[in-house]
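Asks: I am sharing structure.txt, which consists of compact mmCIF, C-alpha atoms:
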```txt
# COMPACT_ATOMS: atom_id res chain seq x y z
CA MET A 46 0.00 0.00 0.00
CA VAL A 47 2.91 2.33 0.73
CA GLU A 48 4.37 1.70 -2.71
CA MET A 49 1.01 2.35 -4.37
CA HIS A 50 0.70 5.86 -2.92
CA GLU A 51 2.75 7.34 -5.78
CA MET A 52 2.81 4.48 -8.25
CA VAL A 53 1.41 6.75 -11.02
CA PRO A 54 4.01 9.42 -11.90
CA GLY A 55 2.83 12.90 -10.98
CA LYS A 56 -0.19 11.65 -9.03
CA ARG A 57 -0.79 10.81 -5.36
CA PHE A 58 -3.49 8.55 -3.98
CA ASP A 59 -4.19 10.22 -0.64
CA ARG A 60 -7.37 8.27 0.11
CA TYR A 61 -8.23 4.59 -0.07
CA HIS A 62 -11.24 5.30 -2.27
CA GLU A 63 -9.01 7.15 -4.76
CA LEU A 64 -6.80 4.07 -5.07
CA GLY A 65 -9.91 1.89 -5.32
CA ARG A 66 -11.32 3.98 -8.16
CA HIS A 67 -8.00 3.86 -10.00
CA THR A 68 -7.84 0.08 -9.62
CA PHE A 69 -11.47 -1.02 -10.11
CA GLY A 70 -13.03 1.93 -11.92
CA GLU A 71 -14.85 5.08 -10.85
CA LYS A 72 -18.06 3.50 -9.55
CA LEU A 73 -16.98 -0.04 -8.66
CA GLY A 74 -13.97 1.28 -6.74
CA LEU A 75 -16.23 3.36 -4.52
CA TYR A 76 -18.67 0.49 -3.96
CA ILE A 77 -15.84 -1.86 -2.96
CA VAL A 78 -13.78 0.44 -0.75
CA VAL A 79 -16.09 2.97 0.93
CA PRO A 80 -18.64 0.62 2.62
CA GLN A 81 -15.90 -1.58 4.09
CA GLN A 82 -13.88 1.41 5.22
CA LEU A 83 -16.87 3.01 6.91
CA VAL A 84 -17.93 -0.19 8.66
CA VAL A 85 -14.44 -0.78 10.06
CA LYS A 86 -13.79 2.79 11.18
CA VAL A 87 -17.22 3.50 12.65
CA ASP A 88 -17.25 0.16 14.51
CA VAL A 89 -13.73 0.68 15.84
CA ASN A 90 -14.67 4.12 17.13
CA MET A 91 -17.77 2.69 18.83
CA VAL A 92 -15.50 0.21 20.61
CA TYR A 93 -13.17 3.06 21.60
CA MET A 94 -16.05 5.07 23.07
CA VAL A 95 -17.32 2.12 25.11
CA THR A 96 -13.80 1.17 26.22
CA GLY A 97 -12.99 4.74 27.22
CA GLY A 98 -16.24 5.02 29.17
CA LYS A 99 -15.62 1.78 31.05
CA SER A 100 -12.06 2.80 31.87
CA LEU A 101 -13.22 6.21 33.14
CA LYS A 102 -15.77 4.50 35.38
CA LYS A 103 -13.14 2.06 36.68
CA PHE A 104 -10.74 4.93 37.35
CA HIS A 105 -13.43 6.78 39.27
CA GLU A 106 -14.37 3.70 41.30
CA THR A 107 -10.74 2.98 42.12
CA VAL A 108 -9.82 6.52 43.13
CA CYS A 109 -13.08 7.48 44.77
CA GLY A 110 -15.35 4.47 45.15
CA SER A 111 -17.70 6.17 47.62
CA CYS A 112 -18.21 9.29 45.48
CA ASN A 113 -21.28 9.95 43.35
CA TYR A 114 -20.44 8.88 39.77
CA SER A 115 -23.84 9.39 38.17
CA THR A 116 -22.30 11.24 35.21
CA ILE A 117 -20.63 8.04 34.03
CA ALA A 118 -23.05 5.49 35.47
CA TRP A 119 -24.04 4.42 31.96
CA ALA A 120 -20.82 2.43 31.69
CA ALA A 121 -21.22 -1.28 32.36
CA SER A 122 -20.79 -2.46 35.93
CA ILE A 123 -18.03 -4.92 36.80
CA HIS A 124 -17.43 -7.77 39.19
CA LYS A 125 -14.93 -7.17 41.94
CA GLY A 126 -11.67 -9.03 42.33
CA VAL A 127 -10.64 -12.58 41.52
CA GLN A 128 -13.73 -14.76 41.67
CA LYS A 129 -14.06 -17.57 44.20
CA GLY A 130 -15.22 -20.89 42.81
CA VAL A 131 -14.16 -19.91 39.30
CA GLU A 132 -16.28 -21.39 36.52
CA TYR A 133 -15.30 -21.78 32.88
CA SER A 134 -18.72 -22.52 31.41
CA TYR A 135 -20.64 -19.97 29.34
CA PRO A 136 -22.15 -17.15 31.41
CA ALA A 137 -25.49 -17.58 29.62
CA SER A 138 -27.88 -20.38 30.53
CA ARG A 139 -30.00 -20.54 27.37
CA ARG A 140 -28.93 -22.11 24.10
CA ALA A 141 -29.07 -18.84 22.10
CA GLY A 142 -26.98 -17.06 24.72
CA LYS A 143 -24.41 -19.86 24.74
CA PHE A 144 -24.23 -19.68 20.95
CA PHE A 145 -23.32 -15.99 21.05
CA ASP A 146 -21.01 -16.51 24.04
CA PHE A 147 -19.06 -19.06 22.00
CA PHE A 148 -18.36 -16.62 19.17
CA THR A 149 -17.67 -13.81 21.63
CA ALA A 150 -15.05 -16.02 23.26
CA LEU A 151 -13.43 -16.74 19.88
CA GLY A 152 -13.22 -13.01 19.24
CA GLU A 153 -11.67 -12.37 22.65
CA VAL A 154 -9.05 -15.09 22.10
CA ALA A 155 -8.19 -13.75 18.65
CA PHE A 156 -7.92 -10.21 20.00
CA VAL A 157 -5.72 -11.10 22.97
CA TYR A 158 -3.50 -13.62 21.20
CA ALA A 159 -1.07 -10.96 20.02
CA GLY A 160 0.43 -11.13 23.49
CA HIS A 161 1.81 -14.64 22.92
CA ASN A 162 5.02 -13.29 21.38
CA VAL A 163 6.07 -11.56 24.61
CA VAL A 164 4.63 -13.95 27.19
CA LEU A 165 8.07 -15.21 28.26
CA GLU A 166 9.34 -11.66 28.66
CA ILE A 167 6.31 -10.88 30.81
CA GLN A 168 6.87 -13.95 32.98
CA ALA A 169 10.54 -13.03 33.33
CA THR A 170 9.57 -9.92 35.31
CA ILE A 171 7.76 -11.99 37.96
CA PRO A 172 9.82 -13.35 40.90
CA SER A 173 9.53 -17.06 41.62
CA THR A 174 10.64 -19.79 44.02
CA ILE A 175 10.60 -23.58 43.83
CA GLU A 176 7.61 -23.64 46.15
CA LYS A 177 5.77 -20.91 44.27
CA PRO A 178 6.76 -20.68 40.60
CA GLN A 179 5.83 -17.54 38.69
CA LYS A 180 3.26 -19.42 36.61
CA ALA A 181 1.04 -19.41 39.70
CA HIS A 182 0.72 -15.63 39.27
CA VAL A 183 0.09 -15.88 35.54
CA GLU A 184 -2.57 -18.53 35.98
CA ARG A 185 -4.74 -16.49 38.34
CA MET A 186 -8.04 -16.57 36.56
CA PHE A 187 -11.46 -14.96 36.67
CA GLY A 188 -13.23 -17.71 34.72
CA ASN A 189 -16.36 -16.67 32.88
CA GLN A 190 -16.60 -13.47 34.94
CA VAL A 191 -13.55 -11.87 33.34
CA GLN A 192 -14.18 -8.59 31.53
CA ASP A 193 -13.21 -8.02 27.91
CA ASN A 194 -10.84 -5.37 29.27
CA ILE A 195 -8.81 -7.18 31.95
CA LEU A 196 -8.08 -3.87 33.70
CA LEU A 197 -11.73 -3.78 34.74
CA SER A 198 -11.38 -7.07 36.61
CA LEU A 199 -8.22 -6.19 38.54
CA GLU A 200 -8.31 -4.39 41.88
CA LYS A 201 -4.77 -4.16 43.38
CA PRO A 202 -2.60 -2.19 43.52
CA ALA A 203 -5.25 0.51 43.26
CA TRP A 204 -2.91 3.29 42.12
CA LEU A 205 -1.56 1.14 39.28
CA ILE A 206 -5.01 0.03 38.09
CA ALA A 207 -6.24 3.65 38.19
CA ALA A 208 -3.21 4.87 36.22
CA ALA A 209 -3.52 2.07 33.65
CA ASN A 210 -7.18 2.88 33.04
CA MET A 211 -6.38 6.55 32.51
CA PHE A 212 -3.72 5.56 29.99
CA VAL A 213 -6.40 3.54 28.18
CA VAL A 214 -8.61 6.64 28.06
CA ILE A 215 -5.77 8.75 26.65
CA HIS A 216 -4.99 6.02 24.13
CA VAL A 217 -8.54 5.69 22.81
CA ILE A 218 -9.00 9.47 22.58
CA GLY A 219 -5.94 9.69 20.32
CA ASN A 220 -6.83 6.63 18.25
CA TYR A 221 -10.41 7.81 17.84
CA GLN A 222 -9.18 10.86 15.94
CA ILE A 223 -7.11 8.72 13.57
CA TYR A 224 -9.96 6.36 12.67
CA ALA A 225 -12.56 9.12 12.54
CA MET A 226 -10.56 11.36 10.19
CA PRO A 227 -11.42 9.49 6.94
CA VAL A 228 -15.09 9.38 7.94
CA PHE A 229 -15.16 13.12 8.57
CA ASP A 230 -13.31 13.67 5.32
CA MET A 231 -15.95 11.70 3.39
CA ILE A 232 -18.73 13.70 5.04
CA LYS A 233 -17.05 17.01 4.19
CA THR A 234 -16.43 15.91 0.60
CA MET A 235 -20.09 14.98 0.17
CA LEU A 236 -21.26 18.30 1.65
CA VAL A 237 -18.95 20.31 -0.60
CA LYS A 238 -19.21 18.39 -3.89
CA THR A 239 -22.79 17.11 -3.74
CA LEU A 240 -24.65 19.67 -1.63
CA ARG A 241 -22.47 22.62 -2.74
CA PHE A 242 -21.51 23.87 0.71
CA LYS A 243 -18.58 26.26 0.88
CA PRO A 244 -15.55 24.58 2.54
CA SER A 245 -14.77 26.34 5.79
CA PHE A 246 -13.83 25.83 9.42
CA TRP A 247 -17.46 26.15 10.50
CA LEU A 248 -18.57 23.48 8.04
CA ARG A 249 -16.04 21.04 9.46
CA PHE A 250 -16.81 22.06 13.04
CA THR A 251 -20.56 21.69 12.64
CA SER A 252 -20.55 18.44 10.65
CA ARG A 253 -18.07 16.72 13.00
CA ASN A 254 -19.98 17.75 16.11
CA ILE A 255 -23.27 16.50 14.61
```
What would the structure in this file look like if it were written as structure tokens?
Replies:
Amino acid sequence: MVEMHEMVPGKRFDRYHELGRHTFGEKLGLYIVVPQQLVVKVDVNMVYMVTGGKSLKKFHETVCGSCNYSTIAWAASIHKGVQKGVEYSYPASRRAGKFFDFFTALGEVAFVYAGHNVVLEIQATIPSTIEKPQKAHVERMFGNQVQDNILLSLEKPAWLIAAANMFVVIHVIGNYQIYAMPVFDMIKTMLVKTLRFKPSFWLRFTSRNI
């Protein structure tokens, strides 16, 4: 993709849909590229918003658990600490729920599996003895009560969990802008070229806020 950016002398493909139109034709290129691009970017940003909200709520609970947090109470509640009597069955009891739980679990495994290439380095930072090898720490499990974001399931040390959740919030705020930029650009292009709006700061400001 990097090589294709300037593969035509004197021309730059600054957008995916421009490269798609060059490759597949004016109309077909748009039909192939734009729907997929929008689905991915909008969905990713939805995940970022939910993740950021959950992390803000966890930060607030960790730092000030007794305070009133009604402003972020919409975020999903979490279970506290490592569960006793851990179970590894599906959380749902009905067949339809178990069906969806199965595919949710596959998605979670696929998402988290990128950590396998540094697992030994992670374990190397954990002290161990013959009586208590470090794998005992790694194998501490939450069973079917674990959250999709593991930071929501951890409790101690409180200062570290609070800091980590704030770093998640900062991370998703930055990444949101990156994934949202092409979507905003498409909206602005449509407003200017199709609806004949004059390009300006206020057009961008208003359309993005809406």
Asks: If we count all atoms listed in the file, what is near His67 of chain A at a cut-off of 10 Å, once residues fewer than 6 positions away on the same chain are taken out, given as JSON, numbers by chain?
Replies: {"A": [53, 58, 61, 73, 74, 75]}
Asks: In Å to one decimal, how far is atom CA of Glu63 of chain A from atom CA of Met91 of chain A?
Replies: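 Here the two named atoms are 25.6 Å from each other.
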Asks: Using Å and a single decimal, report how far atom CA of Ile232 of chain A sits from atom CA of Leu248 of chain A.
Replies: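 The value is 10.2 Å.
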Asks: Please, what distance in Å, to one decimal, runs between atom CA of Phe104 of chain A and atom CA of Asn194 of chain A?
Replies: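 It comes out at 13.1 Å.
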Asks: Considering all atoms listed in the file, state which residue in the set A:Ala141, A:Ser100, A:Asn90, A:Lys72 is at the smallest distance from Ser198 of chain A.
Replies: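 The closest residue to Ser198 of chain A is A:Ser100.
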Asks: Considering only C-alpha atoms, can you say which of A:Leu101, A:Pro178, A:Leu64, A:Asn210 comes closest to Glu51 of chain A?
Replies: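 Looking at the shortest contact to Glu51 of chain A, the residue is A:Leu64.
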Asks: Please determine, counting all atoms listed in the file, which residue among A:Asp146, A:Pro244, A:Thr234, A:Gly97 has the shortest atom-to-atom distance to Gly219 of chain A.
Replies: A:Gly97
Asks: Quick one: residues within 12 Å of Gln81 of chain A, all atoms listed in the file, excluding same-chain residues fewer than 4 positions away - as an MDAnalysis selection string?
Replies: chainID A and resid 61:62 65 74:77 85:88 228
Asks: With only C-alpha atoms as the atoms that count, which of A:Asp59, A:Val89, A:Ile195, A:Leu83 lies nearest to Gln222 of chain A?
Replies: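 Ranking A:Asp59, A:Val89, A:Ile195, A:Leu83 by distance to Gln222 of chain A, first place goes to A:Val89.
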